[in-house]
Amino acid sequence: MRVTVKLFATFREGRFKVEEKDLPDSSRVIDVLLPLNITPEEVAICLVNGRDVNEQHVLNDGDTIALFPPVGGG
Amino acid sequence: MGGYTGKVLRINLTEGKISTEPLNKELAKNYISGRGLAGKMFADEVPADVDALSPENKLFIASGALTGTNAPTSGRYMVVTKSPLNGVIASSNSGGQWGAHLKFAGYDMVILEGKAARPVYISISDDSVEIKDAAHVWGKDVYATTDILKQEFGDDKVKVLSIGPAGEKLSLISAVMNDLYRAAGRSGVGAVMGSKNVKAVLVRGTGKVENANADEMKNVLSATMAKLKENGVTGQGLPTYGTAVLVNIINESGIYPVNNFQESYDPDADLISGETMTANHLIKKDPCYRCPIACGRYSKWKGGEGAGPEYETVWVFGSNSGIHDFDAIHKANDLCNKYGLDTISVGATIAAGMELVQKGYIKQEELDGTPLEFGNADGMVEWVRKIAFAEGLGAKMALGSYRLAEIYGAPELSMSVKKLELPAYDPRGVQGQGLQFATSNRGGCHVRGYLISPEVIGMPEKLDRTVIEGKATWVKIFQDLTAVIDSLGLCLFSSFALGLSDYRALVNAVTGFNYTDEELLACGERIWNNERLHNLKVGYTAAEDTLPKRLLNDPIPEGPSKGQTIRLAELLPQYYIERGWSATGVPTPERLSSLGM
Ligand code: SF4
């Protein structure tokens, strides 16, 4: 399956802004994080299609994953 | 009693009379200072039915109990008066340096009463207070006024608070500015100052604010500073990216209003995000007094440099107007600072104007050749200037989006609550924040209770933004705690890292009041009820605890939160029960007496 991974704030440093990834079926968010060298503890907000989930969330084809370190406020 | 100077400066402009009086300590213990105490004094002194722009209205410029101390983020002050935009207690909060220096000069607050016969400014240098002629700066913008009056004062350390042309022209969305770029922005407070013929208040203080318990303060300070440093938001996120870092978070959540709230997701938002701003525009950080967070930005753009812009400003002149041109956003922000306007209300009024044109309510011939359409950046910037000088259609826009839309028979196109323009969060996708918007005493405002923190950012704990269970309780606690933080004169952003017990420890070390957590939070509840009682007196009812029709009736049309709706009808009764109010939103005698009111 194919998912879109979006990185924000410091997660972009040395990585990318947006990339498409091919993953085996029933992959989880953690399977996206590990190859990027991002630990679940570093992730403050993980949105899959806009909904807040944790790293064990099972992904589906076409999902958009948005990952943020602790940042917000305004 | 540390923290307080114990002195109130009262200036009757009609009579040209300057006097000082002792601060009422009993009232201060119950209402703290700033928003709380000035709000209570305002409600006691000013009849509810006065015209906001008449000499009978009073303007309180009030520091918080901790303003000017060594507590972190303690640079804030509030402008408390009757709002000309919606008639309720305006309590517009600003940072920078001015508030702390009012304390150094020896005053907890300044009260401006009556109306000067001609334009004047107030010059405060410790005990020496004068009312001076301002004819030469009347009509000048905030930057020029600040320069001229500083020179005239002859001491570079003087701090200047002033209005711009917008306040002089009584725009209902005008701000009181201080230290050039900081704004007591909301509710049209600039017009009240303008209506009194007061251009500026200068302050130079050489004193110091004492702490009641200096040893205790040392410990509390190191504990709170450590928390602010360790917290991901206050220690890294806000210092690195400023508030505009929210653009991507809110957009990816699908609750980021676009084109006057017609949509809630912007595929191009990253073009104007905090990340982009940091990479391409940031010159340096620009913190307020004693602030380790330093979210304030100083940036450059094609042809200029200056402070900001903040998240709300980026959004309102950006995506909410269909614009992704950072230079135009910077320019619009700079014009607002220069002319003394509230960026949120100005941008939202322009966006409402764009929709009124789009739907055919405003005809092209009324635009005098200046485009007013979503996506037109040059037109948008020019409309900011026209609003400041009340030129052409700009005169109607200077009254805010509600009156503008009402004039054209389409008030539902004003995205406001109680006539105050909503900030950058679509309440349909964030239930607690939606309830907060509807019940906020001063109208559409996110800084009366920032539920985005738990519901989106996950602090102090993560809540599901789409459910209503428990949200009424959260909203009440957030509103009451925010009233406390405002009245202490601390920045609301400190609350990403600090909680009620931290604030209690700070206020006790400074004032020696020895509040318990419960007593301190009860001050916040008292402040909230004081504001609510005033709202009821000026004629607001539970019917105005609502949201614009579009947000109430239609689901979010597209994007990550597609289909979501606000469940306000279920939330409101829970909220009234939580507050101990009647089913029609009136504080009950029992609850008021339990608060000692
Ligand atoms: S966090 Fe930002 S707005 Fe708040 S006091 Fe610090 S610099 Fe000013």
# chains A, B, ... in the order shown; residues from 1 in each chain; ligands from 1
call {"tool": "residues_near_ligand", "arguments": {"ligand": "ligand 1", "cutoff": "9 Å", "atoms": "only C-alpha atoms and all ligand atoms", "output": "MDAnalysis selection string"}}
result
(chainID A and resid 74) or (chainID B and resid 72:76 94:96 182 234 238:239 242:243 285:297 490:494)
call {"tool": "write_last_selection", "arguments": {"atoms": "N, CA and C atoms", "output": "mmCIF file, in the first residue's frame"}}
result
data_model
loop_
_atom_site.group_PDB
_atom_site.id
_atom_site.type_symbol
_atom_site.label_atom_id
_atom_site.label_comp_id
_atom_site.auth_asym_id
_atom_site.auth_seq_id
_atom_site.Cartn_x
_atom_site.Cartn_y
_atom_site.Cartn_z
ATOM 1 N N GLY A 74 -0.721 29.491 20.262
ATOM 2 C CA GLY A 74 -0.860 30.783 19.624
ATOM 3 C C GLY A 74 -2.230 31.359 19.830
ATOM 4 N N PRO B 72 8.595 34.775 35.522
ATOM 5 C CA PRO B 72 8.708 34.653 34.069
ATOM 6 C C PRO B 72 7.446 35.124 33.346
ATOM 7 N N THR B 73 7.600 35.794 32.241
ATOM 8 C CA THR B 73 6.545 36.347 31.371
ATOM 9 C C THR B 73 5.719 37.454 32.046
ATOM 10 N N SER B 74 6.338 38.180 32.987
ATOM 11 C CA SER B 74 5.539 39.127 33.781
ATOM 12 C C SER B 74 5.525 40.537 33.201
ATOM 13 N N GLY B 75 5.408 40.647 31.874
ATOM 14 C CA GLY B 75 5.405 41.983 31.280
ATOM 15 C C GLY B 75 4.042 42.467 30.843
ATOM 16 N N ARG B 76 2.983 41.833 31.311
ATOM 17 C CA ARG B 76 1.709 42.123 30.653
ATOM 18 C C ARG B 76 0.837 43.119 31.407
ATOM 19 N N SER B 94 -1.847 42.978 26.592
ATOM 20 C CA SER B 94 -0.672 43.218 25.757
ATOM 21 C C SER B 94 0.607 42.947 26.536
ATOM 22 N N GLY B 95 1.652 42.614 25.793
ATOM 23 C CA GLY B 95 2.953 42.349 26.418
ATOM 24 C C GLY B 95 3.906 43.507 26.192
ATOM 25 N N GLY B 96 5.129 43.199 25.833
ATOM 26 C CA GLY B 96 6.131 44.243 25.657
ATOM 27 C C GLY B 96 6.735 44.658 26.985
ATOM 28 N N ARG B 182 3.506 46.038 20.067
ATOM 29 C CA ARG B 182 2.652 45.185 20.899
ATOM 30 C C ARG B 182 1.264 45.803 20.990
ATOM 31 N N THR B 234 7.112 25.420 25.291
ATOM 32 C CA THR B 234 7.685 26.694 25.748
ATOM 33 C C THR B 234 9.209 26.701 25.681
ATOM 34 N N LEU B 238 7.830 27.129 20.559
ATOM 35 C CA LEU B 238 7.554 28.563 20.428
ATOM 36 C C LEU B 238 8.821 29.392 20.241
ATOM 37 N N PRO B 239 9.915 29.101 20.996
ATOM 38 C CA PRO B 239 11.138 29.881 20.758
ATOM 39 C C PRO B 239 11.679 29.717 19.335
ATOM 40 N N GLY B 242 7.995 30.474 16.734
ATOM 41 C CA GLY B 242 6.947 31.461 16.998
ATOM 42 C C GLY B 242 5.573 30.822 16.909
ATOM 43 N N THR B 243 4.544 31.635 17.088
ATOM 44 C CA THR B 243 3.188 31.079 17.144
ATOM 45 C C THR B 243 2.722 30.532 15.784
ATOM 46 N N LYS B 285 14.516 36.978 17.395
ATOM 47 C CA LYS B 285 13.392 36.872 18.322
ATOM 48 C C LYS B 285 13.179 38.224 18.989
ATOM 49 N N ASP B 286 11.951 38.463 19.406
ATOM 50 C CA ASP B 286 11.620 39.754 19.988
ATOM 51 C C ASP B 286 10.751 39.541 21.235
ATOM 52 N N PRO B 287 11.389 39.132 22.338
ATOM 53 C CA PRO B 287 10.600 38.754 23.519
ATOM 54 C C PRO B 287 10.038 39.937 24.296
ATOM 55 N N CYS B 288 8.971 39.682 25.045
ATOM 56 C CA CYS B 288 8.437 40.660 25.984
ATOM 57 C C CYS B 288 9.308 40.661 27.247
ATOM 58 N N TYR B 289 8.966 41.570 28.158
ATOM 59 C CA TYR B 289 9.674 41.709 29.433
ATOM 60 C C TYR B 289 9.784 40.360 30.162
ATOM 61 N N ARG B 290 10.992 40.020 30.571
ATOM 62 C CA ARG B 290 11.256 38.827 31.383
ATOM 63 C C ARG B 290 10.619 37.559 30.838
ATOM 64 N N CYS B 291 10.719 37.365 29.534
ATOM 65 C CA CYS B 291 10.109 36.169 28.974
ATOM 66 C C CYS B 291 11.149 35.206 28.423
ATOM 67 N N PRO B 292 11.263 34.027 29.036
ATOM 68 C CA PRO B 292 12.198 33.032 28.523
ATOM 69 C C PRO B 292 11.654 32.293 27.295
ATOM 70 N N ILE B 293 10.363 32.439 27.003
ATOM 71 C CA ILE B 293 9.775 31.720 25.868
ATOM 72 C C ILE B 293 10.130 32.431 24.563
ATOM 73 N N ALA B 294 10.009 33.738 24.571
ATOM 74 C CA ALA B 294 10.410 34.561 23.422
ATOM 75 C C ALA B 294 9.761 34.111 22.116
ATOM 76 N N CYS B 295 8.438 34.004 22.114
ATOM 77 C CA CYS B 295 7.739 33.630 20.881
ATOM 78 C C CYS B 295 7.729 34.784 19.882
ATOM 79 N N GLY B 296 7.910 36.014 20.355
ATOM 80 C CA GLY B 296 7.830 37.193 19.484
ATOM 81 C C GLY B 296 8.861 37.136 18.368
ATOM 82 N N ARG B 297 8.456 37.555 17.176
ATOM 83 C CA ARG B 297 9.332 37.512 15.990
ATOM 84 C C ARG B 297 9.664 38.916 15.525
ATOM 85 N N LEU B 490 0.664 37.665 33.785
ATOM 86 C CA LEU B 490 1.576 36.716 33.139
ATOM 87 C C LEU B 490 1.018 36.354 31.765
ATOM 88 N N CYS B 491 1.898 35.795 30.934
ATOM 89 C CA CYS B 491 1.475 35.436 29.589
ATOM 90 C C CYS B 491 0.784 34.080 29.599
ATOM 91 N N LEU B 492 -0.327 33.993 28.873
ATOM 92 C CA LEU B 492 -1.091 32.751 28.800
ATOM 93 C C LEU B 492 -0.233 31.596 28.272
ATOM 94 N N PHE B 493 0.769 31.927 27.448
ATOM 95 C CA PHE B 493 1.612 30.867 26.894
ATOM 96 C C PHE B 493 2.424 30.146 27.965
ATOM 97 N N SER B 494 2.599 30.781 29.125
ATOM 98 C CA SER B 494 3.314 30.091 30.208
ATOM 99 C C SER B 494 2.551 28.844 30.643
#
call {"tool": "interface_residues", "arguments": {"of": "chain B", "to": "chain A", "cutoff": "8 Å", "atoms": "only C-alpha atoms", "output": "tab-separated table (two decimals) with all heavy atoms, in the first residue's frame"}}
result
chain	number	residue	atom	x	y	z
B	232	GLY	N	8.32	21.02	25.90
B	232	GLY	CA	8.59	21.05	24.46
B	232	GLY	C	8.04	22.28	23.76
B	232	GLY	O	8.64	22.80	22.82
B	233	VAL	N	6.88	22.75	24.21
B	233	VAL	CA	6.26	23.91	23.56
B	233	VAL	C	6.95	25.21	23.96
B	233	VAL	O	7.37	26.01	23.11
B	233	VAL	CB	4.75	23.98	23.90
B	233	VAL	CG1	4.14	25.28	23.41
B	233	VAL	CG2	4.02	22.80	23.27
B	236	GLN	N	11.07	24.77	23.31
B	236	GLN	CA	11.61	24.57	21.96
B	236	GLN	C	10.69	25.10	20.85
B	236	GLN	O	11.11	25.89	20.02
B	236	GLN	CB	11.85	23.08	21.70
B	236	GLN	CG	12.98	22.48	22.53
B	236	GLN	CD	12.69	21.03	22.88
B	236	GLN	OE1	12.08	20.31	22.10
B	236	GLN	NE2	13.12	20.61	24.05
B	237	GLY	N	9.45	24.64	20.85
B	237	GLY	CA	8.55	24.95	19.73
B	237	GLY	C	8.34	26.45	19.52
B	237	GLY	O	8.63	26.99	18.46
B	238	LEU	N	7.83	27.13	20.56
B	238	LEU	CA	7.55	28.56	20.43
B	238	LEU	C	8.82	29.39	20.24
B	238	LEU	O	8.85	30.30	19.40
B	238	LEU	CB	6.74	29.07	21.63
B	238	LEU	CG	5.25	28.70	21.62
B	238	LEU	CD1	4.58	29.09	22.93
B	238	LEU	CD2	4.52	29.36	20.46
B	241	TYR	N	10.02	28.59	16.41
B	241	TYR	CA	9.16	28.90	15.26
B	241	TYR	C	8.16	30.03	15.50
B	241	TYR	O	7.51	30.47	14.56
B	241	TYR	CB	8.38	27.65	14.83
B	241	TYR	CG	9.27	26.54	14.35
B	241	TYR	CD1	9.55	25.43	15.15
B	241	TYR	CD2	9.86	26.60	13.09
B	241	TYR	CE1	10.37	24.42	14.71
B	241	TYR	CE2	10.69	25.60	12.64
B	241	TYR	CZ	10.94	24.50	13.46
B	241	TYR	OH	11.77	23.50	13.02
B	243	THR	N	4.54	31.63	17.09
B	243	THR	CA	3.19	31.08	17.14
B	243	THR	C	2.72	30.53	15.78
B	243	THR	O	1.86	29.66	15.72
B	243	THR	CB	2.18	32.14	17.62
B	243	THR	OG1	2.29	33.29	16.77
B	243	THR	CG2	2.45	32.54	19.04
B	244	ALA	N	3.33	31.03	14.69
B	244	ALA	CA	2.88	30.59	13.36
B	244	ALA	C	3.16	29.11	13.10
B	244	ALA	O	2.70	28.56	12.09
B	244	ALA	CB	3.53	31.45	12.27
B	245	VAL	N	3.88	28.47	14.01
B	245	VAL	CA	4.08	27.03	13.89
B	245	VAL	C	2.73	26.30	13.89
B	245	VAL	O	2.60	25.17	13.45
B	245	VAL	CB	4.99	26.52	15.02
B	245	VAL	CG1	4.26	26.50	16.36
B	245	VAL	CG2	5.55	25.14	14.70
B	246	LEU	N	1.69	26.99	14.38
B	246	LEU	CA	0.36	26.38	14.43
B	246	LEU	C	-0.27	26.19	13.06
B	246	LEU	O	-1.18	25.37	12.90
B	246	LEU	CB	-0.58	27.25	15.26
B	246	LEU	CG	-0.61	27.04	16.76
B	246	LEU	CD1	-1.56	28.04	17.38
B	246	LEU	CD2	-1.06	25.62	17.12
B	248	ASN	N	0.50	24.71	10.30
B	248	ASN	CA	0.44	23.33	9.80
B	248	ASN	C	-0.33	22.39	10.72
B	248	ASN	O	-1.04	21.50	10.25
B	248	ASN	CB	1.86	22.80	9.57
B	248	ASN	CG	2.45	23.31	8.26
B	248	ASN	OD1	1.74	23.42	7.25
B	248	ASN	ND2	3.73	23.65	8.26
B	249	ILE	N	-0.19	22.60	12.02
B	249	ILE	CA	-0.89	21.71	12.97
B	249	ILE	C	-2.41	21.83	12.80
B	249	ILE	O	-3.13	20.85	12.69
B	249	ILE	CB	-0.52	22.05	14.43
B	249	ILE	CG1	0.99	21.95	14.64
B	249	ILE	CG2	-1.27	21.16	15.41
B	249	ILE	CD1	1.45	22.44	16.00
B	252	GLU	N	-3.51	20.62	9.24
B	252	GLU	CA	-3.51	19.16	9.08
B	252	GLU	C	-4.63	18.52	9.89
B	252	GLU	O	-5.06	17.40	9.61
B	252	GLU	CB	-2.15	18.57	9.48
B	252	GLU	CG	-1.01	18.92	8.53
B	252	GLU	CD	-1.24	18.44	7.10
B	252	GLU	OE1	-1.82	17.37	6.90
B	252	GLU	OE2	-0.85	19.19	6.17
B	253	SER	N	-5.08	19.22	10.94
B	253	SER	CA	-6.23	18.71	11.71
B	253	SER	C	-7.55	19.02	11.00
B	253	SER	O	-8.61	18.58	11.44
B	253	SER	CB	-6.25	19.33	13.11
B	253	SER	OG	-5.04	19.04	13.79
B	254	GLY	N	-7.48	19.83	9.95
B	254	GLY	CA	-8.70	20.13	9.18
B	254	GLY	C	-9.63	21.11	9.87
B	254	GLY	O	-10.84	21.11	9.63
B	275	GLU	N	7.29	27.30	9.82
B	275	GLU	CA	8.53	26.71	9.30
B	275	GLU	C	9.08	27.57	8.16
B	275	GLU	O	10.26	27.88	8.11
B	275	GLU	CB	8.26	25.28	8.79
B	275	GLU	CG	8.03	24.24	9.88
B	275	GLU	CD	6.56	24.08	10.24
B	275	GLU	OE1	5.79	25.06	10.13
B	275	GLU	OE2	6.17	22.96	10.66
B	310	GLU	N	2.14	37.11	13.95
B	310	GLU	CA	1.69	35.99	14.79
B	310	GLU	C	0.81	35.04	13.98
B	310	GLU	O	0.34	35.39	12.90
B	310	GLU	CB	0.87	36.51	15.97
B	310	GLU	CG	1.57	37.52	16.85
B	310	GLU	CD	2.75	36.94	17.59
B	310	GLU	OE1	2.75	35.72	17.86
B	310	GLU	OE2	3.68	37.70	17.90
B	311	TYR	N	0.56	33.88	14.58
B	311	TYR	CA	-0.26	32.87	13.91
B	311	TYR	C	-1.60	33.43	13.41
B	311	TYR	O	-1.97	33.25	12.25
B	311	TYR	CB	-0.52	31.69	14.86
B	311	TYR	CG	-1.61	30.76	14.38
B	311	TYR	CD1	-1.47	30.06	13.18
B	311	TYR	CD2	-2.78	30.58	15.11
B	311	TYR	CE1	-2.47	29.22	12.72
B	311	TYR	CE2	-3.78	29.73	14.65
B	311	TYR	CZ	-3.63	29.05	13.46
B	311	TYR	OH	-4.62	28.23	13.01
B	312	GLU	N	-2.32	34.09	14.31
B	312	GLU	CA	-3.66	34.57	13.93
B	312	GLU	C	-3.57	35.53	12.75
B	312	GLU	O	-4.43	35.52	11.86
B	312	GLU	CB	-4.32	35.30	15.11
B	312	GLU	CG	-4.45	34.49	16.38
B	312	GLU	CD	-5.39	33.31	16.26
B	312	GLU	OE1	-6.27	33.32	15.38
B	312	GLU	OE2	-5.22	32.36	17.07
B	453	SER	N	-5.12	23.68	23.39
B	453	SER	CA	-3.99	23.07	24.08
B	453	SER	C	-4.24	21.58	24.40
B	453	SER	O	-3.47	20.74	23.96
B	453	SER	CB	-3.64	23.89	25.32
B	453	SER	OG	-2.48	23.41	25.91
B	457	ILE	N	-3.10	20.08	20.79
B	457	ILE	CA	-1.67	19.98	21.06
B	457	ILE	C	-1.37	18.87	22.08
B	457	ILE	O	-0.27	18.34	22.13
B	457	ILE	CB	-1.13	21.35	21.52
B	457	ILE	CG1	-1.36	22.39	20.41
B	457	ILE	CG2	0.34	21.30	21.88
B	457	ILE	CD1	-1.16	23.82	20.84
B	458	GLY	N	-2.37	18.56	22.92
B	458	GLY	CA	-2.18	17.46	23.88
B	458	GLY	C	-1.58	17.89	25.20
B	458	GLY	O	-0.92	17.11	25.87
B	464	ASP	N	-9.75	13.93	23.11
B	464	ASP	CA	-10.29	13.74	21.75
B	464	ASP	C	-11.11	14.99	21.40
B	464	ASP	O	-12.11	15.28	22.05
B	464	ASP	CB	-11.17	12.47	21.75
B	464	ASP	CG	-11.71	12.16	20.35
B	464	ASP	OD1	-11.72	13.08	19.48
B	464	ASP	OD2	-12.12	11.00	20.13
B	493	PHE	N	0.77	31.93	27.45
B	493	PHE	CA	1.61	30.87	26.89
B	493	PHE	C	2.42	30.15	27.97
B	493	PHE	O	2.90	29.04	27.74
B	493	PHE	CB	2.56	31.42	25.83
B	493	PHE	CG	1.86	31.91	24.59
B	493	PHE	CD1	2.52	32.70	23.67
B	493	PHE	CD2	0.53	31.59	24.35
B	493	PHE	CE1	1.87	33.16	22.53
B	493	PHE	CE2	-0.12	32.05	23.22
B	493	PHE	CZ	0.55	32.84	22.30
B	560	PRO	N	-9.54	17.06	6.25
B	560	PRO	CA	-9.41	15.99	7.25
B	560	PRO	C	-10.56	15.93	8.27
B	560	PRO	O	-10.79	14.89	8.86
B	560	PRO	CB	-8.09	16.34	7.96
B	560	PRO	CG	-7.33	17.18	6.99
B	560	PRO	CD	-8.35	17.92	6.19
B	561	SER	N	-11.26	17.04	8.49
B	561	SER	CA	-12.37	17.00	9.46
B	561	SER	C	-13.73	17.03	8.77
B	561	SER	O	-14.75	17.37	9.38
B	561	SER	CB	-12.26	18.16	10.45
B	561	SER	OG	-11.22	17.92	11.36
call {"tool": "residues_around", "arguments": {"residues": "Gly62 of chain A", "least_positions_apart": "5", "cutoff": "10 Å", "atoms": "only C-alpha atoms", "output": "PyMOL selection string"}}
result
chain A and resi 1-4+20+49
call {"tool": "write_last_selection", "arguments": {"atoms": "N, CA and C atoms", "output": "short mmCIF file (atom, residue, chain, number, x, y, z; two decimals), in the first residue's frame"}}
result
data_model
loop_
_atom_site.label_atom_id
_atom_site.label_comp_id
_atom_site.auth_asym_id
_atom_site.auth_seq_id
_atom_site.Cartn_x
_atom_site.Cartn_y
_atom_site.Cartn_z
N MET A 1 0.84 -1.20 0.00
CA MET A 1 0.00 0.00 0.00
C MET A 1 0.87 1.25 0.00
N ARG A 2 0.23 2.36 -0.37
CA ARG A 2 0.97 3.60 -0.51
C ARG A 2 0.38 4.63 0.46
N VAL A 3 1.26 5.28 1.22
CA VAL A 3 0.79 6.33 2.14
C VAL A 3 1.62 7.60 1.89
N THR A 4 1.06 8.73 2.35
CA THR A 4 1.79 10.00 2.26
C THR A 4 2.28 10.36 3.66
N GLU A 20 5.90 10.10 -0.50
CA GLU A 20 5.03 8.92 -0.63
C GLU A 20 5.85 7.71 -0.22
N ASN A 49 -4.89 11.12 8.59
CA ASN A 49 -6.06 11.74 7.97
C ASN A 49 -6.73 12.72 8.93
#
call {"tool": "select_by_dssp", "arguments": {"residues": "segment 209-394 of chain B", "states": "alpha helix (DSSP H)", "output": "PyMOL selection string"}}
result
chain B and resi 214-230+232+238-241+246-252+274-280+311-317+326-339+343-358+377-388+393-394
call {"tool": "atom_distance", "arguments": {"atom1": "atom CA of Gly16 of chain B", "atom2": "atom CA of Pro84 of chain B"}}
result
24.1 Å
call {"tool": "residues_around", "arguments": {"residues": "Gly443 of chain B", "least_positions_apart": "2", "cutoff": "9 Å", "atoms": "only C-alpha atoms", "output": "number ranges by chain"}}
result
B: 86, 88, 187, 416-422, 437-441, 445, 545
call {"tool": "write_last_selection", "arguments": {"atoms": "all heavy atoms", "output": "short mmCIF file (atom, residue, chain, number, x, y, z; two decimals), in the first residue's frame"}}
result
data_model
loop_
_atom_site.label_atom_id
_atom_site.label_comp_id
_atom_site.auth_asym_id
_atom_site.auth_seq_id
_atom_site.Cartn_x
_atom_site.Cartn_y
_atom_site.Cartn_z
N ASN B 86 -18.92 45.83 21.05
CA ASN B 86 -20.05 44.98 21.47
C ASN B 86 -20.62 45.32 22.85
O ASN B 86 -21.50 44.61 23.33
CB ASN B 86 -19.67 43.50 21.40
CG ASN B 86 -18.49 43.15 22.29
OD1 ASN B 86 -18.07 43.96 23.12
ND2 ASN B 86 -17.96 41.96 22.12
N VAL B 88 -19.61 45.01 25.89
CA VAL B 88 -19.25 44.26 27.10
C VAL B 88 -17.91 44.76 27.64
O VAL B 88 -17.30 45.67 27.09
CB VAL B 88 -19.20 42.74 26.84
CG1 VAL B 88 -20.50 42.28 26.20
CG2 VAL B 88 -18.01 42.37 25.95
N SER B 187 -11.48 44.16 20.69
CA SER B 187 -12.67 44.83 21.23
C SER B 187 -12.72 46.34 20.98
O SER B 187 -13.55 47.03 21.57
CB SER B 187 -12.83 44.57 22.74
OG SER B 187 -12.77 43.20 23.02
N SER B 416 -18.33 35.94 13.57
CA SER B 416 -18.05 36.54 14.86
C SER B 416 -18.98 35.96 15.92
O SER B 416 -20.01 35.37 15.60
CB SER B 416 -18.27 38.06 14.77
OG SER B 416 -19.61 38.34 14.39
N VAL B 417 -18.61 36.13 17.17
CA VAL B 417 -19.48 35.83 18.29
C VAL B 417 -19.60 37.11 19.11
O VAL B 417 -18.59 37.74 19.43
CB VAL B 417 -18.89 34.70 19.17
CG1 VAL B 417 -19.72 34.53 20.44
CG2 VAL B 417 -18.82 33.39 18.40
N LYS B 418 -20.81 37.51 19.42
CA LYS B 418 -21.06 38.78 20.11
C LYS B 418 -20.31 39.90 19.39
O LYS B 418 -19.67 40.76 20.01
CB LYS B 418 -20.66 38.69 21.59
CG LYS B 418 -21.40 37.59 22.37
CD LYS B 418 -21.01 37.55 23.85
CE LYS B 418 -21.76 36.48 24.62
NZ LYS B 418 -21.19 35.12 24.49
N LYS B 419 -20.35 39.88 18.10
CA LYS B 419 -19.77 40.89 17.20
C LYS B 419 -18.24 40.90 17.17
O LYS B 419 -17.63 41.66 16.43
CB LYS B 419 -20.28 42.30 17.52
CG LYS B 419 -21.79 42.48 17.42
CD LYS B 419 -22.14 43.97 17.46
CE LYS B 419 -23.63 44.21 17.38
NZ LYS B 419 -24.30 44.20 18.68
N LEU B 420 -17.58 40.08 17.99
CA LEU B 420 -16.11 40.04 17.96
C LEU B 420 -15.67 38.90 17.03
O LEU B 420 -16.11 37.75 17.19
CB LEU B 420 -15.54 39.84 19.37
CG LEU B 420 -14.01 39.85 19.47
CD1 LEU B 420 -13.43 41.23 19.15
CD2 LEU B 420 -13.55 39.43 20.86
N GLU B 421 -14.80 39.22 16.08
CA GLU B 421 -14.40 38.27 15.05
C GLU B 421 -13.67 37.07 15.64
O GLU B 421 -12.80 37.20 16.50
CB GLU B 421 -13.50 38.96 14.02
CG GLU B 421 -14.26 39.93 13.09
CD GLU B 421 -14.63 41.26 13.73
OE1 GLU B 421 -14.13 41.55 14.83
OE2 GLU B 421 -15.42 42.02 13.13
N LEU B 422 -14.03 35.88 15.13
CA LEU B 422 -13.44 34.64 15.61
C LEU B 422 -11.99 34.50 15.15
O LEU B 422 -11.64 34.93 14.05
CB LEU B 422 -14.22 33.44 15.05
CG LEU B 422 -15.54 33.11 15.75
CD1 LEU B 422 -16.35 32.15 14.89
CD2 LEU B 422 -15.29 32.52 17.13
N PHE B 437 -15.71 29.42 22.59
CA PHE B 437 -16.02 30.57 21.73
C PHE B 437 -17.43 31.09 22.02
O PHE B 437 -17.65 32.28 22.12
CB PHE B 437 -15.97 30.19 20.24
CG PHE B 437 -14.58 30.02 19.67
CD1 PHE B 437 -14.38 29.28 18.51
CD2 PHE B 437 -13.47 30.62 20.26
CE1 PHE B 437 -13.12 29.14 17.95
CE2 PHE B 437 -12.20 30.48 19.70
CZ PHE B 437 -12.02 29.73 18.54
N ALA B 438 -18.38 30.17 22.12
CA ALA B 438 -19.78 30.56 22.29
C ALA B 438 -20.01 31.25 23.63
O ALA B 438 -20.88 32.12 23.75
CB ALA B 438 -20.69 29.34 22.16
N THR B 439 -19.25 30.85 24.66
CA THR B 439 -19.53 31.35 26.00
C THR B 439 -18.54 32.42 26.46
O THR B 439 -18.72 33.00 27.53
CB THR B 439 -19.50 30.21 27.04
OG1 THR B 439 -18.23 29.54 26.97
CG2 THR B 439 -20.61 29.21 26.76
N SER B 440 -17.53 32.70 25.65
CA SER B 440 -16.55 33.71 26.04
C SER B 440 -17.25 35.04 26.29
O SER B 440 -18.00 35.52 25.46
CB SER B 440 -15.52 33.87 24.90
OG SER B 440 -14.85 35.09 25.03
N ASN B 441 -16.97 35.62 27.46
CA ASN B 441 -17.68 36.84 27.85
C ASN B 441 -17.45 38.00 26.91
O ASN B 441 -18.29 38.87 26.77
CB ASN B 441 -17.26 37.25 29.26
CG ASN B 441 -17.88 36.37 30.32
OD1 ASN B 441 -19.03 35.95 30.17
ND2 ASN B 441 -17.15 36.07 31.37
N CYS B 445 -13.20 34.68 20.81
CA CYS B 445 -11.84 34.88 21.30
C CYS B 445 -11.26 33.57 21.80
O CYS B 445 -11.93 32.81 22.48
CB CYS B 445 -11.93 35.89 22.44
SG CYS B 445 -10.47 35.92 23.45
N ASP B 545 -24.99 33.20 23.42
CA ASP B 545 -23.95 32.18 23.62
C ASP B 545 -24.03 31.23 22.43
O ASP B 545 -24.50 30.09 22.56
CB ASP B 545 -24.18 31.40 24.92
CG ASP B 545 -23.95 32.27 26.15
OD1 ASP B 545 -23.25 33.30 26.05
OD2 ASP B 545 -24.47 31.91 27.23
#
call {"tool": "atom_distance", "arguments": {"atom1": "atom CA of Thr5 of chain B", "atom2": "atom CA of Gln97 of chain B"}}
result
17.1 Å
call {"tool": "select_by_dssp", "arguments": {"residues": "chain A", "states": "strand (DSSP E or B)", "output": "PyMOL selection string"}}
result
chain A and resi 2-7+18-22+28+45-48+51-52+58+64-68
call {"tool": "atom_distance", "arguments": {"atom1": "atom CA of Lys58 of chain B", "atom2": "atom CA of Glu113 of chain B"}}
result
4.9 Å
